[in-house]
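Q: If it helps, the file is called run.txt and holds compact mmCIF, C-alpha atoms:
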# COMPACT_ATOMS: atom_id res chain seq x y z
CA MET E 1 -122.42 -151.20 -277.28
CA SER E 2 -119.47 -152.60 -279.21
CA SER E 3 -116.66 -150.12 -279.65
CA LEU E 4 -113.79 -149.77 -282.05
CA THR E 5 -110.35 -149.96 -280.45
CA PHE E 6 -107.73 -147.33 -281.23
CA HIS E 7 -104.02 -147.52 -280.56
CA TRP E 8 -101.44 -144.79 -281.06
CA PHE E 9 -97.69 -145.09 -281.79
CA LEU E 10 -94.55 -144.32 -279.80
CA PRO E 11 -91.83 -143.04 -282.19
CA THR E 12 -88.86 -144.77 -280.57
CA SER E 13 -86.56 -143.79 -283.45
CA GLY E 14 -87.31 -140.10 -282.96
CA ASP E 15 -90.08 -137.71 -283.93
CA SER E 16 -90.34 -134.58 -286.08
CA ARG E 17 -92.75 -132.23 -287.81
CA ASP E 18 -91.57 -134.03 -290.94
CA VAL E 19 -91.66 -137.74 -291.80
CA VAL E 20 -89.04 -139.85 -290.05
CA GLY E 21 -87.90 -142.68 -292.31
CA GLY E 22 -86.57 -146.07 -291.33
CA GLY E 23 -87.54 -149.72 -291.30
CA HIS E 24 -87.19 -152.46 -293.92
CA GLY E 25 -83.96 -150.93 -295.20
CA ALA E 26 -85.18 -147.35 -295.59
CA PRO E 27 -82.68 -144.75 -294.30
CA ASP E 28 -83.36 -143.56 -290.77
CA THR E 29 -83.76 -139.86 -291.51
CA ALA E 30 -86.11 -136.95 -290.90
CA THR E 31 -87.10 -135.84 -294.39
CA GLY E 32 -87.59 -132.09 -293.97
CA PRO E 33 -86.12 -129.11 -292.16
CA GLY E 34 -88.10 -129.65 -288.97
CA ARG E 35 -86.02 -130.19 -285.83
CA ARG E 36 -85.91 -133.85 -284.84
CA ARG E 37 -87.18 -134.77 -281.38
CA PRO E 38 -85.13 -137.49 -279.68
CA PRO E 39 -87.05 -140.48 -278.28
CA THR E 40 -86.44 -139.72 -274.62
CA VAL E 41 -88.55 -141.32 -271.93
CA ALA E 42 -89.78 -137.83 -271.03
CA TYR E 43 -91.01 -137.09 -274.57
CA LEU E 44 -92.44 -140.55 -275.17
CA GLY E 45 -94.17 -140.20 -271.82
CA GLN E 46 -95.84 -137.02 -273.07
CA ILE E 47 -97.19 -138.88 -276.09
CA ALA E 48 -98.33 -141.83 -273.97
CA ARG E 49 -100.17 -139.59 -271.50
CA ALA E 50 -101.85 -137.71 -274.35
CA ALA E 51 -102.96 -140.98 -275.96
CA GLU E 52 -104.32 -142.24 -272.66
CA ASN E 53 -106.25 -139.05 -271.94
CA LEU E 54 -107.69 -138.95 -275.45
CA GLY E 55 -109.12 -142.47 -275.29
CA PHE E 56 -106.57 -144.65 -277.07
CA VAL E 57 -106.35 -148.15 -275.61
CA GLY E 58 -102.71 -148.84 -276.40
CA ALA E 59 -99.55 -147.65 -278.10
CA LEU E 60 -97.43 -149.61 -280.58
CA THR E 61 -93.65 -149.55 -280.37
CA PRO E 62 -91.59 -150.82 -283.32
CA THR E 63 -88.65 -153.19 -283.30
CA GLY E 64 -85.37 -153.18 -285.22
CA ALA E 65 -81.88 -151.76 -285.31
CA TRP E 66 -83.27 -148.34 -286.29
CA CYS E 67 -85.16 -147.71 -283.02
CA GLU E 68 -84.88 -148.09 -279.27
CA ASP E 69 -85.62 -151.47 -277.70
CA ALA E 70 -89.38 -151.80 -277.23
CA TRP E 71 -89.37 -153.91 -274.04
CA LEU E 72 -87.09 -151.60 -272.09
CA THR E 73 -88.58 -148.35 -273.39
CA THR E 74 -92.21 -149.24 -272.72
CA ALA E 75 -91.38 -150.62 -269.28
CA MET E 76 -90.08 -147.17 -268.39
CA VAL E 77 -92.82 -145.20 -270.16
CA SER E 78 -95.50 -147.34 -268.49
CA GLN E 79 -94.66 -145.62 -265.22
CA ALA E 80 -95.91 -142.33 -266.67
CA THR E 81 -99.38 -143.73 -267.42
CA GLU E 82 -102.14 -145.59 -265.59
CA ARG E 83 -104.36 -147.32 -268.15
CA LEU E 84 -102.58 -147.26 -271.51
CA LYS E 85 -101.46 -150.65 -272.82
CA PHE E 86 -98.26 -151.16 -274.77
CA LEU E 87 -98.22 -153.12 -278.01
CA VAL E 88 -94.62 -154.26 -277.81
CA ALA E 89 -93.12 -155.43 -281.10
CA PHE E 90 -90.49 -158.13 -280.73
CA ARG E 91 -88.75 -160.76 -282.82
CA PRO E 92 -89.12 -164.29 -281.51
CA GLY E 93 -85.78 -165.56 -282.79
CA PHE E 94 -83.67 -163.38 -280.52
CA VAL E 95 -84.58 -164.81 -277.10
CA SER E 96 -85.68 -168.22 -275.85
CA PRO E 97 -89.45 -168.79 -275.72
CA THR E 98 -89.25 -169.59 -272.02
CA LEU E 99 -87.49 -166.32 -271.26
CA ALA E 100 -89.95 -164.36 -273.43
CA ALA E 101 -92.90 -165.99 -271.63
CA GLN E 102 -91.32 -165.08 -268.29
CA MET E 103 -90.65 -161.49 -269.41
CA ALA E 104 -94.26 -161.10 -270.48
CA SER E 105 -95.49 -162.52 -267.19
CA THR E 106 -93.33 -160.10 -265.22
CA TYR E 107 -94.48 -157.20 -267.41
CA GLN E 108 -98.13 -158.02 -266.71
CA ARG E 109 -97.63 -158.08 -262.95
CA GLN E 110 -95.56 -154.90 -262.81
CA THR E 111 -97.87 -152.85 -265.05
CA GLY E 112 -101.25 -154.18 -263.99
CA GLY E 113 -101.82 -156.24 -267.13
CA ARG E 114 -100.94 -153.66 -269.78
CA LEU E 115 -98.87 -155.74 -272.21
CA LEU E 116 -99.90 -156.65 -275.76
CA LEU E 117 -97.43 -158.47 -278.00
CA ASN E 118 -96.83 -157.66 -281.66
CA VAL E 119 -94.86 -160.65 -282.94
CA VAL E 120 -92.57 -159.67 -285.84
CA THR E 121 -90.95 -162.64 -287.55
CA GLY E 122 -88.44 -160.40 -289.34
CA GLY E 123 -88.58 -159.75 -293.07
CA GLU E 124 -85.01 -158.70 -293.83
CA SER E 125 -82.30 -161.36 -293.74
CA ARG E 126 -79.45 -158.84 -293.72
CA GLU E 127 -80.77 -157.22 -290.55
CA GLN E 128 -81.50 -160.59 -288.95
CA ARG E 129 -77.90 -161.67 -289.60
CA ALA E 130 -76.66 -158.61 -287.71
CA TYR E 131 -78.40 -160.09 -284.66
CA GLY E 132 -76.90 -163.53 -285.27
CA ASP E 133 -79.94 -165.05 -287.01
CA PHE E 134 -79.08 -166.84 -290.26
CA LEU E 135 -82.36 -168.60 -291.06
CA ASP E 136 -84.12 -167.80 -294.31
CA LYS E 137 -87.57 -166.19 -294.32
CA ASP E 138 -89.71 -169.36 -294.50
CA ALA E 139 -87.63 -171.01 -291.76
CA ARG E 140 -88.10 -167.94 -289.57
CA TYR E 141 -91.87 -168.33 -289.85
CA ARG E 142 -91.66 -172.01 -288.91
CA ARG E 143 -89.56 -171.04 -285.90
CA THR E 144 -92.13 -168.39 -284.97
CA GLY E 145 -94.83 -171.06 -284.95
CA GLU E 146 -92.77 -173.23 -282.60
CA PHE E 147 -92.00 -170.21 -280.43
CA LEU E 148 -95.64 -169.21 -280.03
CA HIS E 149 -96.64 -172.80 -279.31
CA VAL E 150 -94.20 -172.91 -276.39
CA VAL E 151 -95.09 -169.45 -275.08
CA ARG E 152 -98.84 -170.07 -275.13
CA GLU E 153 -98.51 -173.41 -273.36
CA LEU E 154 -96.35 -171.80 -270.68
CA TRP E 155 -98.82 -168.96 -270.20
CA GLN E 156 -101.54 -171.55 -269.55
CA GLY E 157 -99.46 -173.07 -266.77
CA GLY E 158 -98.33 -176.13 -268.67
CA THR E 159 -95.00 -177.92 -268.66
CA VAL E 160 -93.55 -177.91 -272.17
CA ASN E 161 -91.21 -180.34 -273.85
CA LEU E 162 -90.44 -179.60 -277.49
CA HIS E 163 -87.80 -180.92 -279.81
CA GLY E 164 -88.72 -178.94 -282.89
CA GLU E 165 -87.05 -178.08 -286.15
CA HIS E 166 -85.60 -174.86 -284.70
CA LEU E 167 -86.38 -174.77 -280.97
CA ARG E 168 -85.82 -177.22 -278.15
CA VAL E 169 -86.99 -176.91 -274.57
CA GLU E 170 -87.16 -179.50 -271.81
CA ASP E 171 -89.47 -179.37 -268.78
CA ALA E 172 -90.10 -175.68 -269.33
CA ARG E 173 -92.54 -174.15 -266.85
CA LEU E 174 -93.36 -170.75 -265.36
CA THR E 175 -93.58 -170.39 -261.61
CA ARG E 176 -96.05 -167.50 -262.09
CA VAL E 177 -98.28 -167.26 -265.15
CA PRO E 178 -99.39 -163.88 -266.54
CA ASP E 179 -102.79 -162.53 -265.59
CA PRO E 180 -104.24 -161.61 -267.97
CA VAL E 181 -102.53 -163.58 -270.71
CA PRO E 182 -101.19 -161.05 -273.25
CA GLU E 183 -102.97 -160.96 -276.58
CA VAL E 184 -100.82 -161.74 -279.63
CA TYR E 185 -100.92 -159.38 -282.62
CA PHE E 186 -99.39 -160.65 -285.83
CA GLY E 187 -98.99 -159.43 -289.40
CA GLY E 188 -97.64 -160.73 -292.68
CA SER E 189 -98.90 -161.28 -296.20
CA SER E 190 -96.97 -164.36 -297.33
CA PRO E 191 -98.50 -167.86 -297.20
CA ALA E 192 -96.13 -168.75 -294.35
CA ALA E 193 -97.32 -165.72 -292.37
CA VAL E 194 -100.99 -166.56 -292.94
CA GLU E 195 -100.39 -170.07 -291.59
CA VAL E 196 -98.78 -168.80 -288.38
CA ALA E 197 -101.47 -166.15 -287.86
CA ALA E 198 -104.26 -168.67 -288.34
CA ARG E 199 -102.80 -170.98 -285.69
CA HIS E 200 -101.51 -168.57 -283.07
CA ALA E 201 -102.66 -164.93 -283.41
CA ASP E 202 -105.47 -163.20 -281.55
CA VAL E 203 -105.44 -160.13 -283.81
CA TYR E 204 -104.23 -160.07 -287.40
CA LEU E 205 -102.76 -156.71 -288.41
CA THR E 206 -102.56 -155.47 -291.98
CA TRP E 207 -100.90 -152.35 -293.29
CA GLY E 208 -103.20 -149.73 -294.77
CA GLU E 209 -104.04 -151.05 -298.20
CA PRO E 210 -107.18 -149.93 -300.09
CA PRO E 211 -110.40 -151.48 -298.78
CA ALA E 212 -110.76 -154.00 -301.62
CA GLN E 213 -107.30 -155.43 -300.91
CA VAL E 214 -107.95 -155.47 -297.17
CA ALA E 215 -111.21 -157.34 -297.75
CA GLY E 216 -109.33 -159.99 -299.69
CA LYS E 217 -106.82 -160.42 -296.87
CA ILE E 218 -109.55 -160.73 -294.26
CA ALA E 219 -111.33 -163.40 -296.29
CA ARG E 220 -108.08 -165.35 -296.70
CA LEU E 221 -107.26 -165.17 -292.98
CA ARG E 222 -110.78 -166.08 -291.89
CA GLU E 223 -110.69 -169.16 -294.09
CA ALA E 224 -107.26 -170.19 -292.81
CA ALA E 225 -108.28 -169.68 -289.17
CA ALA E 226 -111.49 -171.66 -289.68
CA ARG E 227 -109.42 -174.61 -290.87
CA GLU E 228 -107.64 -174.45 -287.50
CA GLY E 229 -110.94 -174.22 -285.62
CA ARG E 230 -110.18 -170.64 -284.60
CA THR E 231 -111.44 -167.10 -285.20
CA LEU E 232 -109.39 -163.92 -285.46
CA ARG E 233 -109.97 -160.24 -284.85
CA PHE E 234 -108.57 -157.80 -287.39
CA GLY E 235 -106.68 -154.54 -287.13
CA ILE E 236 -105.08 -152.07 -289.53
CA ARG E 237 -101.94 -149.93 -289.27
CA LEU E 238 -102.24 -146.42 -290.75
CA HIS E 239 -100.88 -142.92 -290.42
CA VAL E 240 -103.41 -140.11 -290.17
CA ILE E 241 -103.64 -136.42 -291.06
CA ALA E 242 -107.01 -135.13 -289.84
CA ARG E 243 -107.89 -131.44 -289.79
CA ASP E 244 -110.92 -129.17 -289.41
CA THR E 245 -111.18 -128.99 -293.21
CA ALA E 246 -110.08 -131.31 -296.01
CA ALA E 247 -108.12 -128.44 -297.56
CA ASP E 248 -106.08 -128.03 -294.39
CA ALA E 249 -105.39 -131.78 -294.21
CA TRP E 250 -104.23 -132.02 -297.81
CA ALA E 251 -102.11 -128.90 -297.39
CA GLU E 252 -100.29 -130.69 -294.57
CA ALA E 253 -99.83 -133.81 -296.70
CA HIS E 254 -98.37 -131.72 -299.50
CA ARG E 255 -96.08 -129.94 -297.03
CA LEU E 256 -94.71 -133.31 -295.93
CA LEU E 257 -94.29 -134.38 -299.56
CA ASP E 258 -92.44 -131.17 -300.42
CA GLY E 259 -89.93 -132.05 -297.71
CA PHE E 260 -88.96 -135.33 -299.40
CA ASP E 261 -85.55 -134.82 -300.97
CA PRO E 262 -85.42 -136.66 -304.34
CA ASP E 263 -82.16 -138.38 -303.38
CA THR E 264 -83.70 -139.61 -300.12
CA VAL E 265 -86.70 -140.99 -302.00
CA ARG E 266 -84.47 -142.77 -304.53
CA GLU E 267 -82.32 -144.28 -301.79
CA ALA E 268 -85.33 -145.39 -299.77
CA GLN E 269 -87.06 -146.94 -302.76
CA ALA E 270 -83.92 -148.77 -303.86
CA ASN E 271 -83.47 -150.24 -300.38
CA LEU E 272 -87.13 -151.12 -299.95
CA ALA E 273 -87.20 -152.82 -303.35
CA ARG E 274 -84.71 -155.36 -301.95
CA SER E 275 -87.01 -156.21 -299.04
CA GLU E 276 -88.05 -159.85 -298.64
CA SER E 277 -91.35 -158.78 -297.07
CA GLU E 278 -94.47 -159.51 -299.12
CA GLY E 279 -96.27 -156.76 -297.20
CA GLN E 280 -93.55 -154.28 -298.12
CA ARG E 281 -93.83 -155.30 -301.77
CA ARG E 282 -97.55 -154.59 -301.62
CA MET E 283 -96.89 -151.19 -300.06
CA LEU E 284 -94.43 -150.27 -302.84
CA ALA E 285 -96.92 -151.31 -305.50
CA LEU E 286 -99.38 -148.70 -304.25
CA HIS E 287 -97.23 -145.78 -305.46
CA GLY E 288 -94.50 -147.32 -307.65
CA GLY E 289 -91.96 -144.83 -306.34
CA SER E 290 -93.76 -141.94 -308.04
CA ARG E 291 -95.06 -138.74 -306.48
CA ASP E 292 -98.01 -138.76 -308.88
CA ALA E 293 -101.47 -140.16 -308.11
CA LEU E 294 -100.73 -140.80 -304.43
CA GLU E 295 -104.40 -140.74 -303.39
CA ILE E 296 -105.02 -144.43 -304.10
CA HIS E 297 -108.53 -144.49 -302.61
CA PRO E 298 -110.63 -141.60 -301.34
CA ASN E 299 -108.69 -140.06 -298.42
CA LEU E 300 -106.02 -142.81 -298.53
CA TRP E 301 -102.61 -141.31 -299.35
CA ALA E 302 -99.53 -143.41 -300.16
CA GLY E 303 -96.98 -140.61 -299.81
CA ILE E 304 -95.48 -141.75 -296.50
CA GLY E 305 -94.25 -144.94 -298.16
CA LEU E 306 -91.95 -142.99 -300.46
CA VAL E 307 -89.46 -142.61 -297.60
CA ARG E 308 -90.61 -144.92 -294.82
CA GLY E 309 -90.56 -148.69 -294.66
CA GLY E 310 -93.48 -150.64 -293.27
CA ALA E 311 -96.78 -148.80 -292.97
CA GLY E 312 -96.73 -146.26 -295.79
CA THR E 313 -100.28 -144.95 -296.15
CA ALA E 314 -102.22 -142.25 -294.33
CA LEU E 315 -105.86 -141.31 -293.93
CA VAL E 316 -106.01 -137.66 -295.03
CA GLY E 317 -109.03 -135.38 -294.81
CA GLY E 318 -111.45 -133.44 -292.68
CA HIS E 319 -112.54 -135.09 -289.47
CA ASP E 320 -115.82 -136.31 -290.96
CA GLU E 321 -114.05 -137.78 -293.99
CA VAL E 322 -111.51 -139.65 -291.85
CA ALA E 323 -114.34 -140.97 -289.67
CA GLU E 324 -116.12 -142.15 -292.83
CA ARG E 325 -113.04 -144.06 -294.03
CA ILE E 326 -112.69 -145.71 -290.62
CA ALA E 327 -116.32 -146.77 -290.80
CA GLU E 328 -115.65 -148.18 -294.28
CA TYR E 329 -112.80 -150.34 -292.99
CA HIS E 330 -114.87 -151.36 -289.99
CA ALA E 331 -117.63 -152.59 -292.31
CA LEU E 332 -115.07 -154.99 -293.80
CA GLY E 333 -114.29 -156.47 -290.38
CA ILE E 334 -111.58 -154.19 -289.01
CA ASP E 335 -112.13 -153.56 -285.28
CA GLU E 336 -108.72 -152.19 -284.21
CA PHE E 337 -106.84 -149.23 -285.65
CA VAL E 338 -103.15 -148.60 -284.95
CA LEU E 339 -102.52 -145.00 -285.93
CA SER E 340 -99.67 -142.49 -286.01
CA GLY E 341 -98.82 -139.05 -287.38
CA TYR E 342 -96.03 -136.48 -287.50
CA PRO E 343 -95.38 -135.17 -284.96
CA HIS E 344 -97.00 -137.80 -282.79
CA LEU E 345 -97.87 -135.57 -279.86
CA GLU E 346 -99.77 -132.98 -281.88
CA GLU E 347 -101.37 -135.46 -284.28
CA ALA E 348 -102.75 -137.48 -281.36
CA TYR E 349 -104.75 -134.40 -280.37
CA TRP E 350 -105.91 -133.66 -283.92
CA PHE E 351 -107.34 -137.17 -284.20
CA GLY E 352 -108.48 -137.57 -280.62
CA GLU E 353 -110.31 -134.26 -280.43
CA GLY E 354 -111.49 -134.18 -284.05
CA VAL E 355 -112.32 -137.71 -285.22
CA LEU E 356 -113.10 -139.72 -282.08
CA PRO E 357 -116.09 -137.53 -281.10
CA ARG E 358 -117.56 -138.10 -284.57
CA LEU E 359 -117.14 -141.85 -284.23
CA ALA E 360 -118.74 -141.66 -280.79
CA ALA E 361 -121.72 -139.83 -282.30
CA ARG E 362 -122.08 -142.67 -284.82
CA GLY E 363 -122.09 -145.22 -281.99
CA LEU E 364 -118.82 -146.75 -283.21
CA TRP E 365 -116.57 -145.71 -280.33
CA ARG E 366 -116.70 -145.14 -276.60
CA ASN E 367 -113.91 -143.71 -274.47
CA PRO E 368 -112.53 -146.74 -272.57
CA GLU E 369 -112.03 -144.59 -269.49
CA HIS E 370 -115.81 -144.14 -269.38
CA ALA E 371 -116.87 -147.63 -270.43
CA GLY E 372 -119.53 -147.68 -267.72
CA ALA E 373 -121.42 -144.66 -269.02
CA GLY E 374 -125.14 -145.13 -269.39
CA ALA E 375 -126.82 -146.17 -272.61
CA GLY E 376 -127.18 -143.32 -275.04
CA GLU E 377 -124.71 -141.20 -273.15
CA THR E 378 -121.91 -139.88 -275.38
CA VAL E 379 -118.60 -139.29 -273.65
CA LEU E 380 -116.05 -137.26 -275.58
CA PRO E 381 -112.26 -137.45 -275.26
CA VAL E 382 -110.71 -135.52 -272.40
CA ALA E 383 -108.03 -133.06 -273.49
CA VAL E 384 -105.37 -131.87 -271.01
With the file now loaded, output its structure as structure tokens.

A:
Amino acid sequence: MSSLTFHWFLPTSGDSRDVVGGGHGAPDTATGPGRRRPPTVAYLGQIARAAENLGFVGALTPTGAWCEDAWLTTAMVSQATERLKFLVAFRPGFVSPTLAAQMASTYQRQTGGRLLLNVVTGGESREQRAYGDFLDKDARYRRTGEFLHVVRELWQGGTVNLHGEHLRVEDARLTRVPDPVPEVYFGGSSPAAVEVAARHADVYLTWGEPPAQVAGKIARLREAAAREGRTLRFGIRLHVIARDTAADAWAEAHRLLDGFDPDTVREAQANLARSESEGQRRMLALHGGSRDALEIHPNLWAGIGLVRGGAGTALVGGHDEVAERIAEYHALGIDEFVLSGYPHLEEAYWFGEGVLPRLAARGLWRNPEHAGAGAGETVLPVAV
């Protein structure tokens, strides 16, 4: 039986019972009165263990000046788990491709093959310049293509010589290749991003746009990958608020919205409007900076994007409704879901104990810890 893949999120900029902003120029703030939880290894380890026990395959960690370093943090948190993989976001312009390939190889050996890579080209020039990167956006994508070419050749055991537009390596080779080779996750909505994804990605990730827009993206990426003689898998990045009843879920969404200070929203929207990211522009267009009409598709709520950069939509509803929306995205071609919720420890349980059993009953999901269960045997998440 094929099974959907679910990943959770490690809030390496801090967690709260309210929305924590940040990313793409949005202020790094907790929006309501809830006490902020610092991103300690101990707390992130709690989230990681919960995700593992509930049946999530991996956990995404973000990258940027507004959060802890993803490589270092996940290397430490990995010691608190046994099976959970880590979808490490990193920017390819900050380290040499040979060093990155070596780091990934070491990570695989030391964690038992639990590394996934989320390659983030970097959409904001002002933040890139703070790290010493002065290329414009299109040049960054061309550099990313060169970077991934080198890394993939090294992972296959080849010796690489490249004198590219942005990168140059000579007789590059790894003494020990990774086993397994990490899968590459990649997102981006611009033509330059589509080109890189078609040539180098294993999984294309989109932010949580309405199904019709997601379908258009999938068609565009499939066509681009076919021209390269390749196929892609597809994933989606969403927040989630799932409860026993729809009324309870929407009450929580409205509680979060009530905690958004108008000045914080204005500041966030002004900063996000200056973003160079095409994906961020598409996120902003879903709500236009207004608190009105935030349910942009049944059970798809754009409120998070009022204060947070990047992924700004949430699935909101009763457990059956959220399961139905996931099935709707799956019918379009989405096989992987990267989810999060505030606070991340508690929301992992709401989703894992409420929605995953319903997806299992539909035959759409099986707990990876029990992948060998017999046909017709439904295995529910294990709560601890």

Q: Using all atoms listed in the file, which residue out of E:Ile236, E:Ala42, E:Val160, E:Ile218 lies closest to Ala311 of chain E?

A: E:Ile236

Q: Find the residue from E:Asp202, E:Glu276, E:Glu68, E:Asp244 that sits nearest to Lys137 of chain E; use all atoms listed in the file when measuring.

A: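 Ranked by minimum distance to Lys137 of chain E, first place goes to E:Glu276.
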
Q: Show me the residues around (-100.2, -175.2, -268.7) - criterion: an atom at most 12 Å away, only C-alpha atoms counted - as a ChimeraX atom specification.

A: /E:149-161,171-178

Q: Restricting the calculation to only C-alpha atoms, which member of E:Val194, E:Leu238, E:Ser290, E:Ile296 is positioned closest to Ile326 of chain E?

A: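 Smallest distance to Ile326 of chain E is found for E:Leu238.
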
Q: Using only C-alpha atoms, which protein or nucleic acid residues come within 7 Å of segment 206-217 of chain E? Drop anything in the same chain fewer than 4 positions from it, and give the result as an MDAnalysis selection string.

A: chainID E and resid 187 221 235:238 297 311 313 329 332

Q: Write out as a PyMOL selection string the residues lying within 12 Å of segment 255-266 of chain E, counting all atoms listed in the file and excluding same-chain residues fewer than 5 positions away.

A: chain E and resi 16-22+26-34+241+248-250+271-273+288-292+294+301-309+314+341-343

Q: When you draw a straight line from atom CA of His319 of chain E to atom CA of Arg243 of chain E, how long is it in Å?

A: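 Here the two named atoms are 5.9 Å from each other.
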
Q: What's the separation between atom CA of Arg143 of chain E and atom CA of Pro92 of chain E, in Å to one decimal place?

A: 8.1 Å

Q: Using all atoms listed in the file, find the one residue out of E:Arg222, E:His24, E:Arg199, E:Val119 that sits nearest to Met283 of chain E.

A: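 When distances to Met283 of chain E are compared using all atoms listed in the file, the smallest one comes from E:His24.
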
Q: Report the distance between atom CA of Thr74 of chain E and atom CA of Ser3 of chain E in Å, rounded to one decimal place.

A: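 According to the coordinates, atom CA of Thr74 of chain E and atom CA of Ser3 of chain E are separated by 25.4 Å.
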
Q: For the point (-101.8, -139.6, -285.7) in file coordinates, what residues are within 9 Å, counting only C-alpha atoms? Give the answer as a PyMOL selection string?

A: chain E and resi 8-9+238-242+339-352

Q: Rank nothing, just name the residue among E:Gly112, E:Pro182, E:Gly145, E:Pro298 nearest to Leu167 of chain E, using all atoms listed in the file.

A: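 Looking only at the distances to Leu167 of chain E, the closest residue turns out to be E:Gly145.
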
Q: Give me, as a compact mmCIF listing (two decimals) with C-alpha atoms, in the frame of the given file, all polymer residues having an atom no more than 9 Å from His7 of chain E, counting only C-alpha atoms and skipping those fewer than 2 positions away in the same chain.

A:
# COMPACT_ATOMS: atom_id res chain seq x y z
CA THR E 5 -110.35 -149.96 -280.45
CA PHE E 9 -97.69 -145.09 -281.79
CA ALA E 51 -102.96 -140.98 -275.96
CA GLY E 55 -109.12 -142.47 -275.29
CA PHE E 56 -106.57 -144.65 -277.07
CA VAL E 57 -106.35 -148.15 -275.61
CA GLY E 58 -102.71 -148.84 -276.40
CA ALA E 59 -99.55 -147.65 -278.10
CA LEU E 60 -97.43 -149.61 -280.58
CA LYS E 85 -101.46 -150.65 -272.82
CA PHE E 86 -98.26 -151.16 -274.77
CA LEU E 87 -98.22 -153.12 -278.01
CA GLU E 336 -108.72 -152.19 -284.21
CA PHE E 337 -106.84 -149.23 -285.65
CA VAL E 338 -103.15 -148.60 -284.95
CA LEU E 339 -102.52 -145.00 -285.93
CA SER E 340 -99.67 -142.49 -286.01

Q: Can you patch up segment 300-311 of chain E, filling it in to N, CA, C and O atoms, and show the result as a PDB file, in the frame of the given file?

A:
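Result written to result-v2.pdb:
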ATOM      1  N   LEU E 300    -107.130-141.903-298.862  1.00  0.00           N
ATOM      2  CA  LEU E 300    -106.020-142.810-298.530  1.00  0.00           C
ATOM      3  C   LEU E 300    -104.818-142.416-299.374  1.00  0.00           C
ATOM      4  O   LEU E 300    -104.825-142.566-300.601  1.00  0.00           O
ATOM      5  N   TRP E 301    -103.773-141.928-298.701  1.00  0.00           N
ATOM      6  CA  TRP E 301    -102.610-141.310-299.350  1.00  0.00           C
ATOM      7  C   TRP E 301    -101.378-142.176-299.138  1.00  0.00           C
ATOM      8  O   TRP E 301    -101.052-142.539-298.005  1.00  0.00           O
ATOM      9  N   ALA E 302    -100.680-142.507-300.220  1.00  0.00           N
ATOM     10  CA  ALA E 302     -99.530-143.410-300.160  1.00  0.00           C
ATOM     11  C   ALA E 302     -98.200-142.678-300.070  1.00  0.00           C
ATOM     12  O   ALA E 302     -97.145-143.305-300.208  1.00  0.00           O
ATOM     13  N   GLY E 303     -98.214-141.387-299.782  1.00  0.00           N
ATOM     14  CA  GLY E 303     -96.980-140.610-299.810  1.00  0.00           C
ATOM     15  C   GLY E 303     -95.962-141.004-298.752  1.00  0.00           C
ATOM     16  O   GLY E 303     -94.743-140.932-298.992  1.00  0.00           O
ATOM     17  N   ILE E 304     -96.420-141.412-297.565  1.00  0.00           N
ATOM     18  CA  ILE E 304     -95.480-141.750-296.500  1.00  0.00           C
ATOM     19  C   ILE E 304     -94.535-142.866-296.942  1.00  0.00           C
ATOM     20  O   ILE E 304     -93.350-142.890-296.602  1.00  0.00           O
ATOM     21  N   GLY E 305     -95.041-143.801-297.723  1.00  0.00           N
ATOM     22  CA  GLY E 305     -94.250-144.940-298.160  1.00  0.00           C
ATOM     23  C   GLY E 305     -93.140-144.613-299.126  1.00  0.00           C
ATOM     24  O   GLY E 305     -92.327-145.487-299.450  1.00  0.00           O
ATOM     25  N   LEU E 306     -93.064-143.373-299.603  1.00  0.00           N
ATOM     26  CA  LEU E 306     -91.950-142.990-300.460  1.00  0.00           C
ATOM     27  C   LEU E 306     -90.633-142.970-299.694  1.00  0.00           C
ATOM     28  O   LEU E 306     -89.561-143.153-300.281  1.00  0.00           O
ATOM     29  N   VAL E 307     -90.696-142.736-298.378  1.00  0.00           N
ATOM     30  CA  VAL E 307     -89.460-142.610-297.600  1.00  0.00           C
ATOM     31  C   VAL E 307     -89.428-143.501-296.379  1.00  0.00           C
ATOM     32  O   VAL E 307     -88.380-143.644-295.743  1.00  0.00           O
ATOM     33  N   ARG E 308     -90.541-144.129-296.029  1.00  0.00           N
ATOM     34  CA  ARG E 308     -90.610-144.920-294.820  1.00  0.00           C
ATOM     35  C   ARG E 308     -90.946-146.362-295.135  1.00  0.00           C
ATOM     36  O   ARG E 308     -91.852-146.643-295.912  1.00  0.00           O
ATOM     37  N   GLY E 309     -90.227-147.289-294.530  1.00  0.00           N
ATOM     38  CA  GLY E 309     -90.560-148.690-294.660  1.00  0.00           C
ATOM     39  C   GLY E 309     -91.734-149.059-293.780  1.00  0.00           C
ATOM     40  O   GLY E 309     -92.112-148.336-292.864  1.00  0.00           O
ATOM     41  N   GLY E 310     -92.332-150.212-294.056  1.00  0.00           N
ATOM     42  CA  GLY E 310     -93.480-150.640-293.270  1.00  0.00           C
ATOM     43  C   GLY E 310     -94.730-149.897-293.678  1.00  0.00           C
ATOM     44  O   GLY E 310     -94.978-149.659-294.863  1.00  0.00           O
ATOM     45  N   ALA E 311     -95.539-149.517-292.693  1.00  0.00           N
ATOM     46  CA  ALA E 311     -96.780-148.800-292.970  1.00  0.00           C
ATOM     47  C   ALA E 311     -96.485-147.524-293.742  1.00  0.00           C
ATOM     48  O   ALA E 311     -95.749-146.658-293.270  1.00  0.00           O
TER      49      ALA E 311
END
